[in-house]
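With mmCIF, C-alpha atoms inside, this is query.cif:
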```
data_upload
#
loop_
_atom_site.group_PDB
_atom_site.id
_atom_site.type_symbol
_atom_site.label_atom_id
_atom_site.label_comp_id
_atom_site.auth_asym_id
_atom_site.auth_seq_id
_atom_site.Cartn_x
_atom_site.Cartn_y
_atom_site.Cartn_z
ATOM 1 C CA MET C 15 174.846 25.172 -194.197
ATOM 2 C CA LYS C 16 172.915 22.708 -192.071
ATOM 3 C CA THR C 17 175.031 19.682 -191.119
ATOM 4 C CA ALA C 18 172.721 17.756 -188.784
ATOM 5 C CA GLU C 19 169.151 17.824 -187.465
ATOM 6 C CA TYR C 20 170.025 16.579 -183.966
ATOM 7 C CA HIS C 21 172.490 17.815 -181.395
ATOM 8 C CA LEU C 22 173.310 15.507 -178.477
ATOM 9 C CA ILE C 23 174.596 16.928 -175.166
ATOM 10 C CA LEU C 24 176.055 13.981 -173.265
ATOM 11 C CA ASN C 25 177.012 14.012 -169.586
ATOM 12 C CA PRO C 26 179.726 11.367 -168.939
ATOM 13 C CA ARG C 27 179.358 11.832 -165.162
ATOM 14 C CA SER C 28 175.690 10.846 -165.170
ATOM 15 C CA LYS C 29 174.810 7.875 -162.954
ATOM 16 C CA GLY C 30 178.138 8.146 -161.145
ATOM 17 C CA GLY C 31 180.060 7.876 -164.414
ATOM 18 C CA LYS C 32 178.321 4.691 -165.556
ATOM 19 C CA ALA C 33 176.392 6.506 -168.286
ATOM 20 C CA ALA C 34 179.514 6.919 -170.429
ATOM 21 C CA GLY C 35 179.486 3.175 -171.087
ATOM 22 C CA LYS C 36 176.219 3.603 -173.025
ATOM 23 C CA PHE C 37 177.418 6.309 -175.395
ATOM 24 C CA ASP C 38 178.753 4.001 -178.122
ATOM 25 C CA THR C 39 175.427 2.151 -178.100
ATOM 26 C CA ILE C 40 173.562 5.456 -178.403
ATOM 27 C CA PHE C 41 175.726 6.537 -181.341
ATOM 28 C CA SER C 42 175.150 3.180 -183.064
ATOM 29 C CA LEU C 43 171.383 3.367 -182.529
ATOM 30 C CA MET C 44 171.256 6.930 -183.867
ATOM 31 C CA LYS C 45 173.163 5.846 -186.965
ATOM 32 C CA ALA C 46 170.967 2.758 -187.437
ATOM 33 C CA ALA C 47 167.872 4.985 -187.243
ATOM 34 C CA GLY C 48 169.305 7.182 -189.996
ATOM 35 C CA LEU C 49 169.499 10.269 -187.780
ATOM 36 C CA ASP C 50 172.188 12.822 -188.600
ATOM 37 C CA TYR C 51 173.636 14.256 -185.393
ATOM 38 C CA ASP C 52 176.402 16.277 -183.828
ATOM 39 C CA TYR C 53 177.392 15.857 -180.198
ATOM 40 C CA VAL C 54 179.295 17.395 -177.326
ATOM 41 C CA PHE C 55 180.365 16.131 -173.904
ATOM 42 C CA ALA C 56 179.632 18.348 -170.877
ATOM 43 C CA ASP C 57 179.784 17.382 -167.205
ATOM 44 C CA THR C 58 178.805 20.395 -165.066
ATOM 45 C CA TYR C 59 175.679 22.537 -164.894
ATOM 46 C CA GLU C 60 177.452 25.527 -166.441
ATOM 47 C CA LYS C 61 179.014 23.524 -169.263
ATOM 48 C CA ILE C 62 175.756 21.732 -170.078
ATOM 49 C CA ARG C 63 173.690 24.916 -170.002
ATOM 50 C CA ASN C 64 176.236 26.758 -172.154
ATOM 51 C CA ALA C 65 176.301 23.873 -174.647
ATOM 52 C CA SER C 66 172.498 24.110 -174.832
ATOM 53 C CA VAL C 67 172.617 27.889 -175.327
ATOM 54 C CA GLU C 68 175.096 27.446 -178.173
ATOM 55 C CA ALA C 69 173.065 24.656 -179.800
ATOM 56 C CA ASN C 70 169.878 26.735 -179.520
ATOM 57 C CA GLY C 71 171.628 29.424 -181.541
ATOM 58 C CA LYS C 72 172.390 27.055 -184.413
ATOM 59 C CA ASP C 73 170.344 25.349 -187.111
ATOM 60 C CA TYR C 74 169.416 22.131 -185.286
ATOM 61 C CA ASP C 75 165.815 20.949 -185.073
ATOM 62 C CA VAL C 76 166.199 18.854 -181.910
ATOM 63 C CA ILE C 77 168.531 19.242 -178.943
ATOM 64 C CA VAL C 78 168.886 15.991 -177.006
ATOM 65 C CA ALA C 79 169.800 15.768 -173.319
ATOM 66 C CA VAL C 80 171.700 12.541 -172.621
ATOM 67 C CA GLY C 81 171.957 12.062 -168.863
ATOM 68 C CA GLY C 82 169.831 12.247 -165.720
ATOM 69 C CA ASP C 83 167.404 14.818 -164.350
ATOM 70 C CA GLY C 84 170.218 17.271 -163.559
ATOM 71 C CA THR C 85 171.432 17.102 -167.164
ATOM 72 C CA ILE C 86 167.889 17.616 -168.451
ATOM 73 C CA ASN C 87 167.481 20.629 -166.163
ATOM 74 C CA ALA C 88 170.696 22.250 -167.383
ATOM 75 C CA VAL C 89 169.755 21.692 -171.034
ATOM 76 C CA ILE C 90 166.303 23.201 -170.435
ATOM 77 C CA ASN C 91 167.923 26.258 -168.852
ATOM 78 C CA GLY C 92 169.798 26.743 -172.129
ATOM 79 C CA PHE C 93 166.468 26.871 -173.956
ATOM 80 C CA TYR C 94 165.221 29.707 -171.751
ATOM 81 C CA CYS C 95 168.102 32.164 -171.729
ATOM 82 C CA ASN C 96 166.142 34.396 -174.115
ATOM 83 C CA SER C 97 162.664 33.325 -173.006
ATOM 84 C CA ASN C 98 161.445 36.888 -172.492
ATOM 85 C CA ALA C 99 161.946 37.612 -176.182
ATOM 86 C CA ALA C 100 160.455 34.571 -177.925
ATOM 87 C CA PRO C 101 159.382 30.981 -177.309
ATOM 88 C CA PRO C 102 162.115 28.326 -177.482
ATOM 89 C CA ALA C 103 162.425 27.481 -181.182
ATOM 90 C CA LYS C 104 163.869 23.990 -180.786
ATOM 91 C CA MET C 105 162.442 20.654 -179.694
ATOM 92 C CA LEU C 106 163.851 18.893 -176.627
ATOM 93 C CA GLY C 107 164.654 15.196 -176.845
ATOM 94 C CA VAL C 108 165.805 13.033 -173.937
ATOM 95 C CA ILE C 109 167.887 9.860 -173.855
ATOM 96 C CA TYR C 110 167.886 8.947 -170.180
ATOM 97 C CA THR C 111 171.072 7.546 -168.621
ATOM 98 C CA GLY C 112 170.578 8.671 -165.004
ATOM 99 C CA THR C 113 169.465 7.090 -161.734
ATOM 100 C CA SER C 114 166.051 8.458 -160.745
ATOM 101 C CA PRO C 115 163.884 9.116 -163.843
ATOM 102 C CA ASP C 116 161.319 11.520 -162.389
ATOM 103 C CA PHE C 117 161.268 13.685 -165.522
ATOM 104 C CA CYS C 118 160.735 10.771 -167.902
ATOM 105 C CA LYS C 119 158.049 9.137 -165.740
ATOM 106 C CA SER C 120 156.276 12.462 -165.344
ATOM 107 C CA TYR C 121 156.120 13.391 -169.010
ATOM 108 C CA GLY C 122 156.011 10.060 -170.867
ATOM 109 C CA VAL C 123 159.565 9.844 -172.212
ATOM 110 C CA PRO C 124 160.758 6.248 -172.870
ATOM 111 C CA LEU C 125 163.558 4.951 -170.635
ATOM 112 C CA ASP C 126 164.748 2.202 -172.990
ATOM 113 C CA LEU C 127 167.534 3.542 -175.231
ATOM 114 C CA GLU C 128 166.160 2.132 -178.474
ATOM 115 C CA LYS C 129 162.610 3.309 -177.727
ATOM 116 C CA ALA C 130 163.911 6.760 -176.758
ATOM 117 C CA ILE C 131 165.696 7.101 -180.105
ATOM 118 C CA ASP C 132 162.609 5.833 -181.964
ATOM 119 C CA ALA C 133 160.621 8.538 -180.173
ATOM 120 C CA ILE C 134 163.167 11.204 -181.126
ATOM 121 C CA SER C 135 162.841 10.108 -184.748
ATOM 122 C CA ALA C 136 159.006 10.155 -184.634
ATOM 123 C CA ARG C 137 158.868 13.590 -182.936
ATOM 124 C CA GLN C 138 155.549 13.280 -181.138
ATOM 125 C CA LEU C 139 155.374 16.499 -179.133
ATOM 126 C CA ARG C 140 153.979 17.512 -175.761
ATOM 127 C CA ARG C 141 153.956 21.193 -174.868
ATOM 128 C CA ILE C 142 154.971 21.330 -171.209
ATOM 129 C CA ARG C 143 154.993 24.256 -168.792
ATOM 130 C CA ILE C 144 158.331 25.027 -167.147
ATOM 131 C CA GLY C 145 158.789 26.628 -163.730
ATOM 132 C CA SER C 146 160.705 29.906 -163.493
ATOM 133 C CA ILE C 147 162.442 30.476 -160.157
ATOM 134 C CA SER C 148 164.269 33.609 -159.023
ATOM 135 C CA LEU C 149 166.576 32.859 -156.101
ATOM 136 C CA VAL C 150 169.818 33.704 -154.357
ATOM 137 C CA THR C 151 172.613 31.616 -155.892
ATOM 138 C CA CYS C 152 175.543 33.097 -153.941
ATOM 139 C CA MET C 153 175.599 34.709 -150.496
ATOM 140 C CA GLU C 154 179.003 36.442 -150.638
ATOM 141 C CA PRO C 155 179.002 38.409 -152.820
ATOM 142 C CA LEU C 156 175.206 38.420 -153.036
ATOM 143 C CA LYS C 157 174.032 37.131 -156.408
ATOM 144 C CA THR C 158 170.505 36.423 -157.631
ATOM 145 C CA GLU C 159 169.501 34.528 -160.768
ATOM 146 C CA THR C 160 166.414 33.362 -162.594
ATOM 147 C CA ARG C 161 166.574 29.682 -163.445
ATOM 148 C CA TYR C 162 164.115 27.078 -164.667
ATOM 149 C CA PHE C 163 162.869 23.678 -163.505
ATOM 150 C CA SER C 164 160.652 21.010 -165.037
ATOM 151 C CA CYS C 165 159.468 18.837 -162.126
ATOM 152 C CA CYS C 166 159.682 20.055 -158.546
ATOM 153 C CA ALA C 167 161.458 22.600 -156.344
ATOM 154 C CA SER C 168 162.148 22.057 -152.625
ATOM 155 C CA ILE C 169 162.620 24.711 -149.976
ATOM 156 C CA GLY C 170 164.132 23.298 -146.777
ATOM 157 C CA ILE C 171 165.702 19.900 -146.149
ATOM 158 C CA GLY C 172 165.379 18.909 -149.824
ATOM 159 C CA ALA C 173 168.763 20.345 -150.823
ATOM 160 C CA THR C 174 170.599 18.329 -148.145
ATOM 161 C CA VAL C 175 168.655 15.169 -149.041
ATOM 162 C CA ALA C 176 169.449 15.655 -152.744
ATOM 163 C CA GLU C 177 173.181 16.046 -152.097
ATOM 164 C CA LYS C 178 173.319 12.930 -149.922
ATOM 165 C CA ALA C 179 171.055 10.901 -152.210
ATOM 166 C CA ASN C 180 173.278 11.660 -155.205
ATOM 167 C CA ARG C 181 176.152 10.074 -153.247
ATOM 168 C CA PHE C 182 174.239 7.199 -151.626
ATOM 169 C CA ARG C 183 172.527 6.041 -154.852
ATOM 170 C CA LYS C 184 175.895 5.186 -156.389
ATOM 171 C CA PHE C 185 176.192 2.136 -154.159
ATOM 172 C CA ALA C 186 172.692 1.650 -152.679
ATOM 173 C CA GLY C 187 170.375 2.296 -155.632
ATOM 174 C CA ASP C 188 167.565 4.821 -156.024
ATOM 175 C CA THR C 189 164.981 4.100 -153.303
ATOM 176 C CA PRO C 190 167.373 2.801 -150.573
ATOM 177 C CA GLY C 191 169.766 5.656 -151.292
ATOM 178 C CA THR C 192 166.968 8.203 -151.034
ATOM 179 C CA LEU C 193 165.624 6.738 -147.786
ATOM 180 C CA GLY C 194 169.114 6.734 -146.278
ATOM 181 C CA ALA C 195 169.557 10.365 -147.315
ATOM 182 C CA ILE C 196 166.228 11.355 -145.726
ATOM 183 C CA LEU C 197 166.975 9.628 -142.416
ATOM 184 C CA SER C 198 170.521 10.920 -142.070
ATOM 185 C CA SER C 199 169.438 14.472 -142.982
ATOM 186 C CA LEU C 200 166.625 14.532 -140.416
ATOM 187 C CA PHE C 201 169.024 13.737 -137.549
ATOM 188 C CA THR C 202 170.716 17.133 -137.837
ATOM 189 C CA PHE C 203 167.994 19.269 -139.424
ATOM 190 C CA ASN C 204 166.267 22.030 -137.450
ATOM 191 C CA PRO C 205 162.702 22.944 -138.538
ATOM 192 C CA PHE C 206 162.119 26.568 -139.474
ATOM 193 C CA GLY C 207 159.337 29.096 -139.910
ATOM 194 C CA ILE C 208 158.765 30.445 -143.391
ATOM 195 C CA ASP C 209 156.575 33.157 -144.887
ATOM 196 C CA VAL C 210 154.776 32.062 -148.040
ATOM 197 C CA ARG C 211 152.893 34.325 -150.424
ATOM 198 C CA LEU C 212 150.382 32.560 -152.702
ATOM 199 C CA GLY C 213 149.272 35.219 -155.166
ATOM 200 C CA ILE C 214 147.959 37.934 -152.835
ATOM 201 C CA GLU C 215 147.473 35.619 -149.846
ATOM 202 C CA ASP C 216 150.125 35.510 -147.119
ATOM 203 C CA ARG C 217 150.715 32.442 -144.953
ATOM 204 C CA ARG C 218 153.273 31.486 -142.336
ATOM 205 C CA ILE C 219 154.194 27.826 -141.931
ATOM 206 C CA LEU C 220 155.764 26.982 -138.560
ATOM 207 C CA ARG C 221 158.071 24.062 -137.735
ATOM 208 C CA THR C 222 158.640 23.473 -141.443
ATOM 209 C CA THR C 223 160.853 20.656 -142.681
ATOM 210 C CA ASN C 224 160.295 21.184 -146.394
ATOM 211 C CA VAL C 225 157.989 22.785 -148.934
ATOM 212 C CA PHE C 226 157.605 21.152 -152.361
ATOM 213 C CA VAL C 227 156.518 23.272 -155.325
ATOM 214 C CA GLY C 228 155.776 21.413 -158.524
ATOM 215 C CA ARG C 229 153.515 20.502 -161.417
ATOM 216 C CA THR C 230 154.283 16.824 -161.989
ATOM 217 C CA LYS C 231 153.004 13.724 -160.221
ATOM 218 C CA TYR C 232 156.540 12.648 -159.298
ATOM 219 C CA ILE C 233 158.251 14.830 -156.717
ATOM 220 C CA ALA C 234 161.588 13.021 -156.391
ATOM 221 C CA SER C 235 162.853 9.431 -156.380
ATOM 222 C CA GLY C 236 159.399 7.848 -156.400
ATOM 223 C CA LEU C 237 157.799 10.319 -153.961
ATOM 224 C CA ARG C 238 154.617 11.612 -155.544
ATOM 225 C CA VAL C 239 151.327 13.410 -155.317
ATOM 226 C CA LYS C 240 148.070 11.925 -156.568
ATOM 227 C CA ASP C 241 147.463 14.295 -159.469
ATOM 228 C CA GLU C 242 149.748 16.281 -161.739
ATOM 229 C CA ILE C 243 148.873 19.809 -162.887
ATOM 230 C CA PRO C 244 147.444 19.823 -166.459
ATOM 231 C CA ASP C 245 149.704 21.285 -169.148
ATOM 232 C CA ASP C 246 147.272 24.175 -169.793
ATOM 233 C CA ASP C 247 147.099 25.175 -166.097
ATOM 234 C CA ASP C 248 149.573 27.810 -164.870
ATOM 235 C CA ARG C 249 149.339 26.762 -161.210
ATOM 236 C CA PHE C 250 151.732 24.752 -159.051
ATOM 237 C CA TYR C 251 150.953 22.609 -156.043
ATOM 238 C CA VAL C 252 152.599 23.873 -152.865
ATOM 239 C CA LEU C 253 153.018 20.938 -150.466
ATOM 240 C CA GLY C 254 154.239 21.838 -146.990
ATOM 241 C CA VAL C 255 155.752 19.316 -144.543
ATOM 242 C CA HIS C 256 155.557 20.585 -140.966
ATOM 243 C CA ASN C 257 155.462 19.279 -137.394
ATOM 244 C CA LEU C 258 157.420 16.216 -138.547
ATOM 245 C CA ASP C 259 159.188 13.909 -136.111
ATOM 246 C CA PHE C 260 160.602 10.389 -136.390
ATOM 247 C CA LEU C 261 157.389 8.807 -135.080
ATOM 248 C CA ARG C 262 155.424 10.419 -137.893
ATOM 249 C CA LEU C 263 158.029 9.730 -140.592
ATOM 250 C CA PRO C 264 156.880 6.170 -141.564
ATOM 251 C CA GLY C 265 153.328 7.403 -142.134
ATOM 252 C CA LEU C 266 154.583 10.355 -144.172
ATOM 253 C CA LEU C 267 156.719 8.121 -146.399
ATOM 254 C CA ARG C 268 153.806 5.717 -146.956
ATOM 255 C CA GLN C 269 151.663 8.607 -148.083
ATOM 256 C CA LEU C 270 154.295 10.166 -150.340
ATOM 257 C CA TYR C 271 155.233 6.881 -152.008
ATOM 258 C CA SER C 272 151.546 6.036 -152.585
ATOM 259 C CA GLY C 273 150.598 9.543 -153.687
ATOM 260 C CA ASN C 274 147.689 9.654 -151.218
ATOM 261 C CA ILE C 275 148.466 12.764 -149.185
ATOM 262 C CA SER C 276 144.996 13.424 -147.733
ATOM 263 C CA ASN C 277 144.262 13.492 -143.980
ATOM 264 C CA SER C 278 147.908 13.840 -142.959
ATOM 265 C CA PRO C 279 148.944 15.516 -139.682
ATOM 266 C CA VAL C 280 152.175 16.764 -141.289
ATOM 267 C CA LEU C 281 151.138 17.688 -144.853
ATOM 268 C CA GLU C 282 149.299 20.750 -146.115
ATOM 269 C CA ILE C 283 148.659 21.476 -149.797
ATOM 270 C CA PHE C 284 147.817 24.717 -151.612
ATOM 271 C CA TYR C 285 147.690 25.779 -155.270
ATOM 272 C CA SER C 286 148.903 29.002 -156.850
ATOM 273 C CA ASP C 287 150.432 30.386 -160.044
ATOM 274 C CA ASP C 288 152.639 32.899 -158.196
ATOM 275 C CA ILE C 289 154.550 31.829 -155.075
ATOM 276 C CA SER C 290 157.275 33.463 -153.013
ATOM 277 C CA PHE C 291 159.192 32.358 -149.920
ATOM 278 C CA ASP C 292 161.101 34.257 -147.276
ATOM 279 C CA SER C 293 162.305 33.512 -143.762
ATOM 280 C CA PRO C 294 163.020 36.426 -141.427
ATOM 281 C CA ASN C 295 165.809 34.692 -139.522
ATOM 282 C CA LYS C 296 167.924 32.919 -142.138
ATOM 283 C CA ASN C 297 168.314 31.966 -145.760
ATOM 284 C CA ILE C 298 166.749 28.545 -146.402
ATOM 285 C CA ARG C 299 168.326 26.245 -148.977
ATOM 286 C CA VAL C 300 166.569 25.637 -152.296
ATOM 287 C CA GLU C 301 166.776 22.585 -154.561
ATOM 288 C CA PHE C 302 165.086 21.678 -157.824
ATOM 289 C CA ASP C 303 165.148 18.793 -160.303
ATOM 290 C CA GLY C 304 167.493 16.831 -158.051
ATOM 291 C CA ASP C 305 170.266 19.340 -157.307
ATOM 292 C CA ALA C 306 170.860 22.057 -154.715
ATOM 293 C CA ALA C 307 170.694 25.453 -156.404
ATOM 294 C CA GLY C 308 170.644 28.336 -153.902
ATOM 295 C CA PHE C 309 168.735 30.031 -151.091
ATOM 296 C CA THR C 310 165.648 31.995 -150.172
ATOM 297 C CA PRO C 311 164.225 34.512 -150.668
ATOM 298 C CA CYS C 312 162.864 33.050 -153.877
ATOM 299 C CA SER C 313 159.828 33.406 -156.112
ATOM 300 C CA ILE C 314 158.263 30.920 -158.526
ATOM 301 C CA LYS C 315 155.913 31.232 -161.493
ATOM 302 C CA THR C 316 155.498 29.511 -164.849
ATOM 303 C CA ALA C 317 157.925 30.463 -167.598
ATOM 304 C CA ASN C 318 156.605 32.798 -170.273
ATOM 305 C CA PHE C 319 156.421 30.071 -172.902
ATOM 306 C CA PRO C 320 155.928 26.280 -172.934
ATOM 307 C CA LEU C 321 158.607 23.862 -174.140
ATOM 308 C CA SER C 322 158.192 21.422 -177.041
ATOM 309 C CA LEU C 323 159.170 18.038 -175.548
ATOM 310 C CA ILE C 324 159.442 14.852 -177.618
ATOM 311 C CA ILE C 325 157.608 12.001 -175.881
ATOM 312 C CA GLY C 326 157.034 8.296 -176.589
#
```
Using the file provided, produce a representation of the structure as structure tokens.
Amino acid sequence: MKTAEYHLILNPRSKGGKAAGKFDTIFSLMKAAGLDYDYVFADTYEKIRNASVEANGKDYDVIVAVGGDGTINAVINGFYCNSNAAPPAKMLGVIYTGTSPDFCKSYGVPLDLEKAIDAISARQLRRIRIGSISLVTCMEPLKTETRYFSCCASIGIGATVAEKANRFRKFAGDTPGTLGAILSSLFTFNPFGIDVRLGIEDRRILRTTNVFVGRTKYIASGLRVKDEIPDDDDRFYVLGVHNLDFLRLPGLLRQLYSGNISNSPVLEIFYSDDISFDSPNKNIRVEFDGDAAGFTPCSIKTANFPLSLIIG
């Protein structure tokens, strides 16, 4: 027997633990909107993903991620555990309680709690394409997995920046925390060479600091490209950062915060629906949707089926 239409997965550690203070307000707003719901608390990637898998197997209409971009990512991964068999049957709702709302800004999800719950009630849908990434998640013993991301993946310094930014933002805020993470990471980072396959075309990028692979306008923490990839287009942009030094960093940041990435001495952009990365000398770290996730070699393509996202 169906007990509720909505299932909330709430991360009490979101925004450095501050998100938990909003949960009573969220429950009150859900009740005031007349929405019947169940809920569960989960505070790690594995717990959140498993809660999403379980909810996807039950008779809910909408599964709601309550947290930041990492929470949203883990919930989405629960939608796609059986993606080879059939499209995700549920709708995804988001009530954002995180720090850097790249997902919500990219896809048109309201940030205000009351407006987010109004949107969940109205159920206006956008069918979004999700990235599928196969990567190494453990070196010893060697383990590979296929996981999913909604905004952007980074190969290179991005994983270190994400880890530091998640710490720095707790006391410095989003943009200052991100800038501090970038600067401190560059001091110790050694550029690398990486082999990139774009469909059937092979390229080698030398003195690489990072490669971004994404579909959305927002890359991370306000960094952006000029144009997002349309929902009906299977391609990703592949944005390489190479030959970067501290003298060129201010110009790079101006371009990435403005979205105007043309005529840059350190940026190179390509487009492809099938991308793979390998480095002959070492395993390069991989990050997506704001959290470090594993290592190269990795390959990226769009997931077999789009996701039904509730927007504002």
Take the PyMOL selection byres ((chain C and resi 132) around 12), run it mentally on this structure, and tell me the resulting residues as a list in words. Ile40, Leu43, Met44, Lys45, Ala46, Ala47, Gly48, Leu49, Gly107, Val108, Ile109, Val123, Pro124, Leu125, Asp126, Leu127, Glu128, Lys129, Ala130, Ile131, Ala133, Ile134, Ser135, Ala136, Arg137, Gln138, Ile324, Ile325 and Gly326 of chain C
Can I get the selected residues back with C-alpha atoms, as a compact mmCIF listing (two decimals), in the frame of the given file?
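Contents of part.txt, as written:
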```
# COMPACT_ATOMS: atom_id res chain seq x y z
CA ILE C 40 173.56 5.46 -178.40
CA LEU C 43 171.38 3.37 -182.53
CA MET C 44 171.26 6.93 -183.87
CA LYS C 45 173.16 5.85 -186.96
CA ALA C 46 170.97 2.76 -187.44
CA ALA C 47 167.87 4.99 -187.24
CA GLY C 48 169.30 7.18 -190.00
CA LEU C 49 169.50 10.27 -187.78
CA GLY C 107 164.65 15.20 -176.84
CA VAL C 108 165.80 13.03 -173.94
CA ILE C 109 167.89 9.86 -173.86
CA VAL C 123 159.56 9.84 -172.21
CA PRO C 124 160.76 6.25 -172.87
CA LEU C 125 163.56 4.95 -170.64
CA ASP C 126 164.75 2.20 -172.99
CA LEU C 127 167.53 3.54 -175.23
CA GLU C 128 166.16 2.13 -178.47
CA LYS C 129 162.61 3.31 -177.73
CA ALA C 130 163.91 6.76 -176.76
CA ILE C 131 165.70 7.10 -180.10
CA ALA C 133 160.62 8.54 -180.17
CA ILE C 134 163.17 11.20 -181.13
CA SER C 135 162.84 10.11 -184.75
CA ALA C 136 159.01 10.15 -184.63
CA ARG C 137 158.87 13.59 -182.94
CA GLN C 138 155.55 13.28 -181.14
CA ILE C 324 159.44 14.85 -177.62
CA ILE C 325 157.61 12.00 -175.88
CA GLY C 326 157.03 8.30 -176.59
```
**Request:** Report as a count of residues only the residues that result from applying the PyMOL selection byres ((chain C and resi 56-64) around 12) to the structure here.
**Result:** 46
For stretch 224-229 of chain C, list every protein, DNA or RNA residue within 10 Å, evaluated using all atoms listed in the file, and leave out those in the same chain fewer than 4 positions away; present the list as an MDAnalysis selection string. chainID C and resid 120 142:145 163:173 205:206 208 210 219 233:234 239 241:245 247:256 258 281:286 289 291 298:303 314 316
Give as a ChimeraX atom specification the residues that the PyMOL selection byres ((chain C and resi 278) around 10) matches when applied to the coordinates above.
/C:255,262,265-266,269,274-277,279-282
Near stretch 157-159 of chain C, counting all atoms listed in the file, which residues have an atom at most 9 Å away, once you skip same-chain residues fewer than 6 positions from it, shown as a compact mmCIF listing (two decimals) with C-alpha atoms, in the frame of the given file?
```txt
# COMPACT_ATOMS: atom_id res chain seq x y z
CA ILE C 147 162.44 30.48 -160.16
CA SER C 148 164.27 33.61 -159.02
CA LEU C 149 166.58 32.86 -156.10
CA VAL C 150 169.82 33.70 -154.36
CA THR C 151 172.61 31.62 -155.89
CA GLY C 308 170.64 28.34 -153.90
```
Please identify all polymer residues lying at most 12 Å from the point (173.9, 1.9, -152.5) (file coordinates), using all atoms listed in the file, and present the result as a VMD selection string. chain C and resid 30 113 178 to 195
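Between atom CA of C:Asp209 and atom CA of C:Arg268 there is a distance of 27.7 Å.
Between atom CA of C:Tyr74 and atom CA of C:Phe41 the interatomic distance comes to 17.3 Å.
Atom pair atom CA of C:Gly236 / atom CA of C:Gly207 has a distance of 26.9 Å (rounded to one decimal).
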